[in-house]
>>> print(open('input.cif').read())   # mmCIF, C-alpha atoms
data_my_file
loop_
_atom_site.group_PDB
_atom_site.id
_atom_site.type_symbol
_atom_site.label_atom_id
_atom_site.label_comp_id
_atom_site.auth_asym_id
_atom_site.auth_seq_id
_atom_site.Cartn_x
_atom_site.Cartn_y
_atom_site.Cartn_z
ATOM 1 C CA MET A 1 -22.368 22.147 -6.013
ATOM 2 C CA MET A 2 -24.410 22.348 -2.834
ATOM 3 C CA THR A 3 -24.311 18.774 -1.711
ATOM 4 C CA HIS A 4 -23.837 17.573 1.804
ATOM 5 C CA ILE A 5 -21.231 15.077 2.763
ATOM 6 C CA PRO A 6 -21.843 12.676 5.616
ATOM 7 C CA PRO A 7 -19.487 13.486 8.465
ATOM 8 C CA ASN A 8 -18.062 10.153 9.477
ATOM 9 C CA GLU A 9 -18.442 7.887 6.472
ATOM 10 C CA GLY A 10 -15.069 8.801 5.001
ATOM 11 C CA LEU A 11 -13.296 8.006 8.256
ATOM 12 C CA LEU A 12 -15.263 4.769 8.514
ATOM 13 C CA LEU A 13 -14.213 3.726 5.015
ATOM 14 C CA ALA A 14 -10.602 4.531 5.932
ATOM 15 C CA ALA A 15 -10.889 2.351 9.035
ATOM 16 C CA ILE A 16 -12.344 -0.565 7.077
ATOM 17 C CA LEU A 17 -9.624 -0.356 4.420
ATOM 18 C CA PHE A 18 -6.922 -0.093 7.090
ATOM 19 C CA LEU A 19 -8.201 -3.179 8.884
ATOM 20 C CA LEU A 20 -8.403 -5.137 5.631
ATOM 21 C CA GLY A 21 -4.771 -4.239 4.982
ATOM 22 C CA LEU A 22 -3.889 -5.259 8.529
ATOM 23 C CA ILE A 23 -5.563 -8.650 8.065
ATOM 24 C CA GLY A 24 -3.557 -9.077 4.869
ATOM 25 C CA VAL A 25 -0.246 -8.258 6.547
ATOM 26 C CA MET A 26 -0.960 -10.668 9.378
ATOM 27 C CA THR A 27 -2.166 -13.596 7.300
ATOM 28 C CA ARG A 28 -0.234 -13.641 4.038
ATOM 29 C CA ARG A 29 3.167 -15.300 3.729
ATOM 30 C CA ASN A 30 4.046 -14.022 0.267
ATOM 31 C CA ILE A 31 6.192 -10.925 0.664
ATOM 32 C CA ILE A 32 4.694 -9.275 -2.436
ATOM 33 C CA TYR A 33 1.250 -9.469 -0.853
ATOM 34 C CA ILE A 34 2.596 -8.091 2.405
ATOM 35 C CA LEU A 35 3.978 -5.056 0.568
ATOM 36 C CA MET A 36 0.668 -4.607 -1.260
ATOM 37 C CA CYS A 37 -1.227 -4.690 2.029
ATOM 38 C CA ILE A 38 1.135 -2.079 3.460
ATOM 39 C CA GLU A 39 0.224 0.072 0.463
ATOM 40 C CA ILE A 40 -3.467 -0.448 1.253
ATOM 41 C CA MET A 41 -2.857 0.652 4.844
ATOM 42 C CA LEU A 42 -0.925 3.762 3.761
ATOM 43 C CA ASN A 43 -3.675 4.652 1.323
ATOM 44 C CA ALA A 44 -6.257 4.256 4.068
ATOM 45 C CA CYS A 45 -4.238 6.623 6.251
ATOM 46 C CA GLY A 46 -4.257 9.151 3.428
ATOM 47 C CA LEU A 47 -8.005 8.742 3.056
ATOM 48 C CA ALA A 48 -8.430 9.376 6.780
ATOM 49 C CA PHE A 49 -6.381 12.564 6.489
ATOM 50 C CA VAL A 50 -8.307 13.822 3.478
ATOM 51 C CA SER A 51 -11.716 13.087 4.973
ATOM 52 C CA ALA A 52 -10.711 14.741 8.238
ATOM 53 C CA GLY A 53 -9.530 17.732 6.243
ATOM 54 C CA ALA A 54 -12.888 17.814 4.453
ATOM 55 C CA LYS A 55 -14.711 17.565 7.769
ATOM 56 C CA TRP A 56 -12.915 20.530 9.319
ATOM 57 C CA MET A 57 -12.566 22.352 5.986
ATOM 58 C CA GLN A 58 -8.811 22.722 6.231
ATOM 59 C CA ALA A 59 -6.142 22.199 3.601
ATOM 60 C CA ASP A 60 -3.780 20.482 6.070
ATOM 61 C CA GLY A 61 -5.286 17.058 5.485
ATOM 62 C CA GLN A 62 -4.455 17.224 1.806
ATOM 63 C CA VAL A 63 -0.923 18.436 2.592
ATOM 64 C CA MET A 64 -0.481 15.382 4.803
ATOM 65 C CA PHE A 65 -1.772 13.185 1.980
ATOM 66 C CA ILE A 66 0.939 14.566 -0.304
ATOM 67 C CA PHE A 67 3.566 13.694 2.315
ATOM 68 C CA ILE A 68 2.119 10.189 2.660
ATOM 69 C CA LEU A 69 2.275 9.847 -1.118
ATOM 70 C CA ALA A 70 5.969 10.777 -1.190
ATOM 71 C CA MET A 71 6.683 8.428 1.691
ATOM 72 C CA ALA A 72 4.815 5.577 0.008
ATOM 73 C CA ALA A 73 6.771 6.063 -3.206
ATOM 74 C CA ALA A 74 10.116 5.933 -1.376
ATOM 75 C CA GLU A 75 8.986 2.966 0.707
ATOM 76 C CA VAL A 76 7.746 0.927 -2.217
ATOM 77 C CA SER A 77 10.909 1.448 -4.254
ATOM 78 C CA VAL A 78 13.142 0.237 -1.423
ATOM 79 C CA GLY A 79 10.738 -2.582 -0.563
ATOM 80 C CA LEU A 80 10.615 -3.872 -4.110
ATOM 81 C CA ALA A 81 14.414 -3.755 -4.318
ATOM 82 C CA LEU A 82 14.513 -5.854 -1.148
ATOM 83 C CA ILE A 83 12.046 -8.328 -2.695
ATOM 84 C CA LEU A 84 14.275 -8.656 -5.755
ATOM 85 C CA GLN A 85 17.318 -9.286 -3.551
ATOM 86 C CA MET A 86 15.386 -11.857 -1.546
ATOM 87 C CA HIS A 87 14.336 -13.652 -4.710
ATOM 88 C CA ASN A 88 17.917 -13.623 -5.963
ATOM 89 C CA GLN A 89 19.385 -15.007 -2.781
ATOM 90 C CA HIS A 90 16.735 -17.417 -1.524
ATOM 91 C CA LYS A 91 14.785 -18.238 -4.714
ATOM 92 C CA SER A 92 11.573 -17.779 -2.781
ATOM 93 C CA VAL A 93 9.028 -15.132 -1.819
ATOM 94 C CA ASP A 94 8.053 -16.857 1.428
ATOM 95 C CA VAL A 95 8.819 -14.699 4.456
ATOM 96 C CA ASN A 96 9.355 -17.789 6.594
ATOM 97 C CA VAL A 97 12.556 -18.466 4.648
ATOM 98 C CA LEU A 98 14.014 -15.332 6.238
ATOM 99 C CA ASN A 99 14.286 -16.758 9.724
ATOM 100 C CA GLN A 100 18.054 -16.787 9.927
ATOM 101 C CA LEU A 101 20.309 -13.856 10.533
ATOM 102 C CA LYS A 102 23.268 -15.672 9.046
ATOM 103 C CA ASP A 103 23.204 -17.555 5.783
ATOM 104 C CA MET B 1 -22.910 12.987 -4.772
ATOM 105 C CA ASN B 2 -23.700 10.820 -1.769
ATOM 106 C CA VAL B 3 -24.699 7.922 -3.972
ATOM 107 C CA ILE B 4 -21.407 8.170 -5.840
ATOM 108 C CA PHE B 5 -19.564 8.149 -2.518
ATOM 109 C CA TYR B 6 -21.301 4.981 -1.342
ATOM 110 C CA ILE B 7 -20.872 3.138 -4.636
ATOM 111 C CA ALA B 8 -17.175 4.031 -4.755
ATOM 112 C CA SER B 9 -16.621 2.930 -1.163
ATOM 113 C CA ILE B 10 -18.337 -0.401 -1.760
ATOM 114 C CA ILE B 11 -16.165 -0.934 -4.840
ATOM 115 C CA ALA B 12 -13.052 -0.050 -2.840
ATOM 116 C CA ILE B 13 -13.902 -2.486 -0.049
ATOM 117 C CA MET B 14 -14.792 -5.337 -2.420
ATOM 118 C CA ALA B 15 -11.642 -4.836 -4.486
ATOM 119 C CA THR B 16 -9.501 -4.760 -1.337
ATOM 120 C CA ILE B 17 -11.077 -7.998 -0.134
ATOM 121 C CA MET B 18 -10.246 -9.522 -3.517
ATOM 122 C CA VAL B 19 -6.645 -8.305 -3.099
ATOM 123 C CA ILE B 20 -6.075 -9.890 0.282
ATOM 124 C CA THR B 21 -7.701 -13.174 -0.677
ATOM 125 C CA GLY B 22 -6.161 -13.457 -4.134
ATOM 126 C CA ARG B 23 -3.880 -16.261 -5.286
ATOM 127 C CA ASN B 24 -2.386 -14.786 -8.427
ATOM 128 C CA ALA B 25 -0.164 -11.763 -7.816
ATOM 129 C CA VAL B 26 -1.031 -10.057 -11.112
ATOM 130 C CA HIS B 27 -4.771 -10.390 -10.524
ATOM 131 C CA SER B 28 -4.372 -8.986 -7.035
ATOM 132 C CA LEU B 29 -2.437 -6.038 -8.441
ATOM 133 C CA LEU B 30 -5.241 -5.296 -10.887
ATOM 134 C CA PHE B 31 -7.785 -5.399 -8.066
ATOM 135 C CA LEU B 32 -5.543 -3.131 -6.015
ATOM 136 C CA THR B 33 -5.510 -0.658 -8.903
ATOM 137 C CA VAL B 34 -9.312 -0.760 -9.008
ATOM 138 C CA SER B 35 -9.407 -0.136 -5.266
ATOM 139 C CA LEU B 36 -7.088 2.849 -5.573
ATOM 140 C CA LEU B 37 -9.158 4.304 -8.399
ATOM 141 C CA ALA B 38 -12.289 3.923 -6.273
ATOM 142 C CA VAL B 39 -10.560 5.740 -3.421
ATOM 143 C CA GLY B 40 -9.729 8.451 -5.945
ATOM 144 C CA VAL B 41 -13.450 8.811 -6.673
ATOM 145 C CA VAL B 42 -14.070 9.031 -2.920
ATOM 146 C CA PHE B 43 -11.538 11.864 -2.725
ATOM 147 C CA PHE B 44 -13.376 13.644 -5.491
ATOM 148 C CA THR B 45 -16.683 13.371 -3.664
ATOM 149 C CA LEU B 46 -15.046 14.618 -0.465
ATOM 150 C CA GLY B 47 -14.120 17.847 -2.199
ATOM 151 C CA ALA B 48 -10.459 17.148 -2.909
ATOM 152 C CA PRO B 49 -10.143 17.001 -6.702
ATOM 153 C CA PHE B 50 -6.395 17.620 -6.710
ATOM 154 C CA MET B 51 -5.853 14.657 -4.394
ATOM 155 C CA ALA B 52 -8.042 12.523 -6.657
ATOM 156 C CA ALA B 53 -5.775 13.378 -9.588
ATOM 157 C CA LEU B 54 -2.649 12.623 -7.553
ATOM 158 C CA GLU B 55 -4.135 9.316 -6.411
ATOM 159 C CA VAL B 56 -4.751 8.251 -10.002
ATOM 160 C CA ILE B 57 -1.409 9.502 -11.325
ATOM 161 C CA ILE B 58 0.952 8.448 -8.556
ATOM 162 C CA TYR B 59 -0.720 5.555 -6.739
ATOM 163 C CA ALA B 60 -2.635 3.856 -9.523
ATOM 164 C CA GLY B 61 -0.091 4.921 -12.119
ATOM 165 C CA ALA B 62 3.464 4.994 -10.882
ATOM 166 C CA ILE B 63 3.463 2.754 -7.817
ATOM 167 C CA MET B 64 1.340 0.045 -9.414
ATOM 168 C CA VAL B 65 3.595 0.055 -12.483
ATOM 169 C CA LEU B 66 6.560 -0.570 -10.180
ATOM 170 C CA PHE B 67 4.711 -3.502 -8.620
ATOM 171 C CA VAL B 68 3.754 -4.951 -11.989
ATOM 172 C CA PHE B 69 7.341 -4.708 -13.223
ATOM 173 C CA VAL B 70 8.675 -6.507 -10.175
ATOM 174 C CA VAL B 71 6.058 -9.253 -10.411
ATOM 175 C CA MET B 72 6.955 -9.699 -14.070
ATOM 176 C CA MET B 73 10.657 -9.853 -13.233
ATOM 177 C CA LEU B 74 10.089 -12.469 -10.550
ATOM 178 C CA ASN B 75 7.914 -14.435 -13.003
ATOM 179 C CA LEU B 76 6.126 -16.620 -10.477
ATOM 180 C CA GLY B 77 4.312 -19.427 -12.247
ATOM 181 C CA LYS B 78 1.575 -21.909 -11.529
ATOM 182 C CA ALA B 79 3.669 -23.616 -8.875
ATOM 183 C CA TYR B 80 3.527 -20.516 -6.729
ATOM 184 C CA GLU B 81 -0.246 -20.367 -7.016
ATOM 185 C CA LYS B 82 -0.390 -23.909 -5.662
ATOM 186 C CA MET B 83 1.948 -22.894 -2.862
ATOM 187 C CA GLU B 84 -0.239 -19.880 -2.068
ATOM 188 C CA GLU B 85 -3.183 -22.224 -1.867
ATOM 189 C CA SER B 86 -1.436 -24.258 0.805
ATOM 190 C CA TRP B 87 -0.241 -21.190 2.730
ATOM 191 C CA PHE B 88 -3.617 -19.557 2.765
ATOM 192 C CA SER B 89 -5.271 -22.038 5.061
ATOM 193 C CA TYR B 90 -8.259 -21.174 7.118
ATOM 194 C CA LYS B 91 -6.326 -21.592 10.335
ATOM 195 C CA ALA B 92 -4.004 -18.801 9.220
ATOM 196 C CA TRP B 93 -6.607 -16.108 8.731
ATOM 197 C CA LEU B 94 -9.232 -17.002 11.330
ATOM 198 C CA GLY B 95 -7.486 -15.531 14.390
ATOM 199 C CA PRO B 96 -6.369 -12.215 12.865
ATOM 200 C CA GLY B 97 -9.698 -11.933 11.059
ATOM 201 C CA ILE B 98 -11.725 -12.229 14.267
ATOM 202 C CA LEU B 99 -9.474 -9.747 16.083
ATOM 203 C CA CYS B 100 -9.773 -7.240 13.246
ATOM 204 C CA VAL B 101 -13.556 -7.637 13.083
ATOM 205 C CA ILE B 102 -13.676 -6.814 16.817
ATOM 206 C CA LEU B 103 -11.544 -3.731 16.177
ATOM 207 C CA LEU B 104 -13.821 -2.761 13.307
ATOM 208 C CA GLY B 105 -16.868 -3.094 15.539
ATOM 209 C CA GLU B 106 -15.284 -0.755 18.067
ATOM 210 C CA LEU B 107 -14.499 1.777 15.364
ATOM 211 C CA ILE B 108 -18.041 1.638 13.963
ATOM 212 C CA TYR B 109 -19.341 2.133 17.499
ATOM 213 C CA VAL B 110 -17.118 5.177 18.004
ATOM 214 C CA PHE B 111 -18.140 6.707 14.698
ATOM 215 C CA THR B 112 -21.840 6.158 15.283
ATOM 216 C CA VAL B 113 -21.791 7.442 18.865
ATOM 217 C CA THR B 114 -20.084 10.711 17.985
ATOM 218 C CA LYS B 115 -22.755 11.791 15.568
ATOM 219 C CA GLY B 116 -21.511 14.829 13.732
ATOM 220 C CA SER B 117 -23.735 17.084 11.726
ATOM 221 C CA SER B 118 -23.383 16.814 7.993
ATOM 222 C CA GLN B 119 -22.040 20.000 6.593
ATOM 223 C CA PRO B 120 -22.112 21.376 3.078
ATOM 224 C CA LEU B 121 -19.372 20.164 0.816
ATOM 225 C CA THR B 122 -16.589 22.684 0.471
ATOM 226 C CA VAL B 123 -14.087 22.084 -2.266
ATOM 227 C CA ILE B 124 -10.548 22.780 -1.096
ATOM 228 C CA THR B 125 -8.789 24.038 -4.177
ATOM 229 C CA PRO B 126 -5.243 23.093 -5.188
ATOM 230 C CA GLN B 127 -4.339 26.727 -4.659
ATOM 231 C CA GLU B 128 -5.053 26.551 -0.940
ATOM 232 C CA VAL B 129 -3.156 23.270 -0.703
ATOM 233 C CA GLY B 130 -0.172 24.806 -2.442
ATOM 234 C CA MET B 131 -0.205 27.887 -0.252
ATOM 235 C CA SER B 132 -0.254 25.687 2.819
ATOM 236 C CA LEU B 133 2.351 23.287 1.430
ATOM 237 C CA PHE B 134 4.896 25.971 0.612
ATOM 238 C CA GLY B 135 3.982 28.187 3.548
ATOM 239 C CA PRO B 136 3.924 26.570 6.989
ATOM 240 C CA TYR B 137 4.874 23.116 5.712
ATOM 241 C CA ILE B 138 7.991 24.066 3.735
ATOM 242 C CA LEU B 139 10.229 22.108 6.095
ATOM 243 C CA GLY B 140 8.151 19.012 5.475
ATOM 244 C CA VAL B 141 8.533 19.461 1.720
ATOM 245 C CA GLU B 142 12.308 19.616 2.076
ATOM 246 C CA LEU B 143 12.308 16.548 4.298
ATOM 247 C CA ALA B 144 10.160 14.705 1.740
ATOM 248 C CA ALA B 145 12.662 15.632 -0.966
ATOM 249 C CA MET B 146 15.503 14.222 1.134
ATOM 250 C CA LEU B 147 13.462 11.077 1.804
ATOM 251 C CA LEU B 148 12.848 10.548 -1.908
ATOM 252 C CA MET B 149 16.547 11.028 -2.653
ATOM 253 C CA ALA B 150 17.432 8.494 0.041
ATOM 254 C CA GLY B 151 14.828 6.158 -1.436
ATOM 255 C CA ILE B 152 16.354 6.399 -4.913
ATOM 256 C CA ILE B 153 19.870 5.760 -3.638
ATOM 257 C CA GLY B 154 18.728 2.970 -1.345
ATOM 258 C CA ALA B 155 16.739 1.233 -4.065
ATOM 259 C CA TYR B 156 19.689 1.437 -6.447
ATOM 260 C CA HIS B 157 22.104 0.130 -3.855
ATOM 261 C CA ILE B 158 19.924 -2.717 -2.617
ATOM 262 C CA GLY B 159 18.486 -3.753 -5.951
ATOM 263 C CA ARG B 160 21.835 -4.055 -7.678
ATOM 264 C CA LYS B 161 22.948 -7.590 -8.447
ATOM 265 C CA LYS B 162 26.150 -8.364 -6.643
ATOM 266 C CA GLN B 163 28.832 -9.297 -9.124
ATOM 267 C CA LYS B 164 30.781 -12.224 -7.795
ATOM 268 C CA GLU B 165 34.295 -12.211 -9.172
ATOM 269 C CA TYR B 166 36.562 -15.084 -8.366
ATOM 270 C CA HIS B 167 39.857 -16.122 -9.701
ATOM 271 C CA ARG B 168 39.335 -18.734 -12.348
ATOM 272 C CA PHE B 169 41.133 -21.397 -10.293
ATOM 273 C CA LEU B 170 39.120 -20.600 -7.209
ATOM 274 C CA GLN B 171 35.872 -20.630 -9.124
ATOM 275 C CA LYS B 172 35.761 -24.408 -9.397
ATOM 276 C CA GLU B 173 36.278 -24.817 -5.687
ATOM 277 C CA GLU B 174 33.512 -22.346 -5.051
ATOM 278 C CA GLU B 175 31.134 -24.213 -7.312
ATOM 279 C CA SER B 176 31.933 -27.546 -5.724
ATOM 280 C CA VAL B 177 31.252 -26.181 -2.252
#
>>> encode(input="input.cif", output="structure tokens")
Amino acid sequence: MMTHIPPNEGLLLAAILFLLGLIGVMTRRNIIYILMCIEIMLNACGLAFVSAGAKWMQADGQVMFIFILAMAAAEVSVGLALILQMHNQHKSVDVNVLNQLKD
Amino acid sequence: MNVIFYIASIIAIMATIMVITGRNAVHSLLFLTVSLLAVGVVFFTLGAPFMAALEVIIYAGAIMVLFVFVVMMLNLGKAYEKMEESWFSYKAWLGPGILCVILLGELIYVFTVTKGSSQPLTVITPQEVGMSLFGPYILGVELAAMLLMAGIIGAYHIGRKKQKEYHRFLQKEEESV
């Protein structure tokens, strides 16, 4: 398989996906969408690691992607539990409801 | 291989745009799954087949299933779509959108100025990844295990429904309050 990969396109794709996720986090008010956009950003970070690892021909990038994967799994389980609690207590998924420290 | 890379990246970007502009949570989740699968194809073209498999199994499989279950449990109906419509006004996304487009322009500039030479594709085998993972990175693996354990316990503790138990005489007062 003697094909050539472009050097920077993978990193560029990672940057575009990360910024799309960032726009989502900043603009959406539904907490489910915010969590999804955080997933997009984490995935873009993993893509940046893997493409950097491919660029320098090292396995470390893929090792980092495995760590990001484990971190994303832990993060999403806790985040979804928090969403369920929020829906139980406030009957809403709007983050602007959560503007009080005390109920 | 290059053509596959470009097609997959365009699919990933389009699907991600559909995710962040979507109204219906389930539709957005399906687009997010498509985006993750496209990123998996990108991994494959970058010479990381093991990562492509993990992306499909863990991200597009396990994590998305968690999301779908939670969205089904919340059971948001048509009323929420209307509410989304009102939240997603053009005033809300214009400012962050412009700022992010500026950032993106800077990044594109950086990546085009530092023109690297394209090198032949080298496939990094799972064997090398495993040797590295359980060699120099063994501490990180143990920390990840502890993090996952903490995640399980935290999710169980937070997600549990609090049982409210009152005395039956006090219960009426509590309801009236």
>>> atom_distance(input="input.cif", atom1="atom CA of A:His87", atom2="atom CA of A:Ile40")
23.0 Å
>>> resolve_selection(input="input.cif", expression="the PyMOL selection byres ((chain B) within 7 of (chain A))", output="number ranges by chain")
B: 1-2, 9, 13, 17, 20, 46-47, 51, 63, 70, 87-88, 92-93, 96-97, 100, 104, 108, 111, 116-122, 124, 128-129, 132-133, 144, 147-148, 151, 154-155, 158-159
>>> closest_residue(input="input.cif", among="B:Asn24, B:Thr114, B:Thr125, B:Thr45", to="B:Tyr80", atoms="all atoms listed in the file")
B:Asn24
>>> closest_residue(input="input.cif", among="B:Met83, B:Ala48, B:Leu54, B:Glu142", to="A:Phe49", atoms="all atoms listed in the file")
B:Ala48
>>> residues_near_point(input="input.cif", point="(0.5, -19.7, -3.7)", cutoff="6 Å", atoms="only C-alpha atoms", output="PyMOL selection string")
chain B and resi 23+80-85
>>> resolve_selection(input="input.cif", expression="the PyMOL selection byres ((chain B and resi 39) around 8)", output="list in words")
Leu47 of chain A; Ala8, Ser9, Ala12, Ser35, Leu36, Leu37, Ala38, Gly40, Val41, Val42, Phe43, Ala52 and Glu55 of chain B
>>> atom_distance(input="input.cif", atom1="atom CA of B:Ile7", atom2="atom CA of B:Ala53")
18.9 Å
>>> atom_distance(input="input.cif", atom1="atom CA of B:Val3", atom2="atom CA of B:Val113")
23.0 Å
>>> closest_residue(input="input.cif", among="B:Ala25, B:Gly135, B:Ile57, B:Met14", to="B:Asn75", atoms="all atoms listed in the file")
B:Ala25
>>> resolve_selection(input="input.cif", expression="the PyMOL selection byres ((chain B and resi 19) around 8)", output="PyMOL selection string")
chain B and resi 15-18+20-22+27-29+31-32
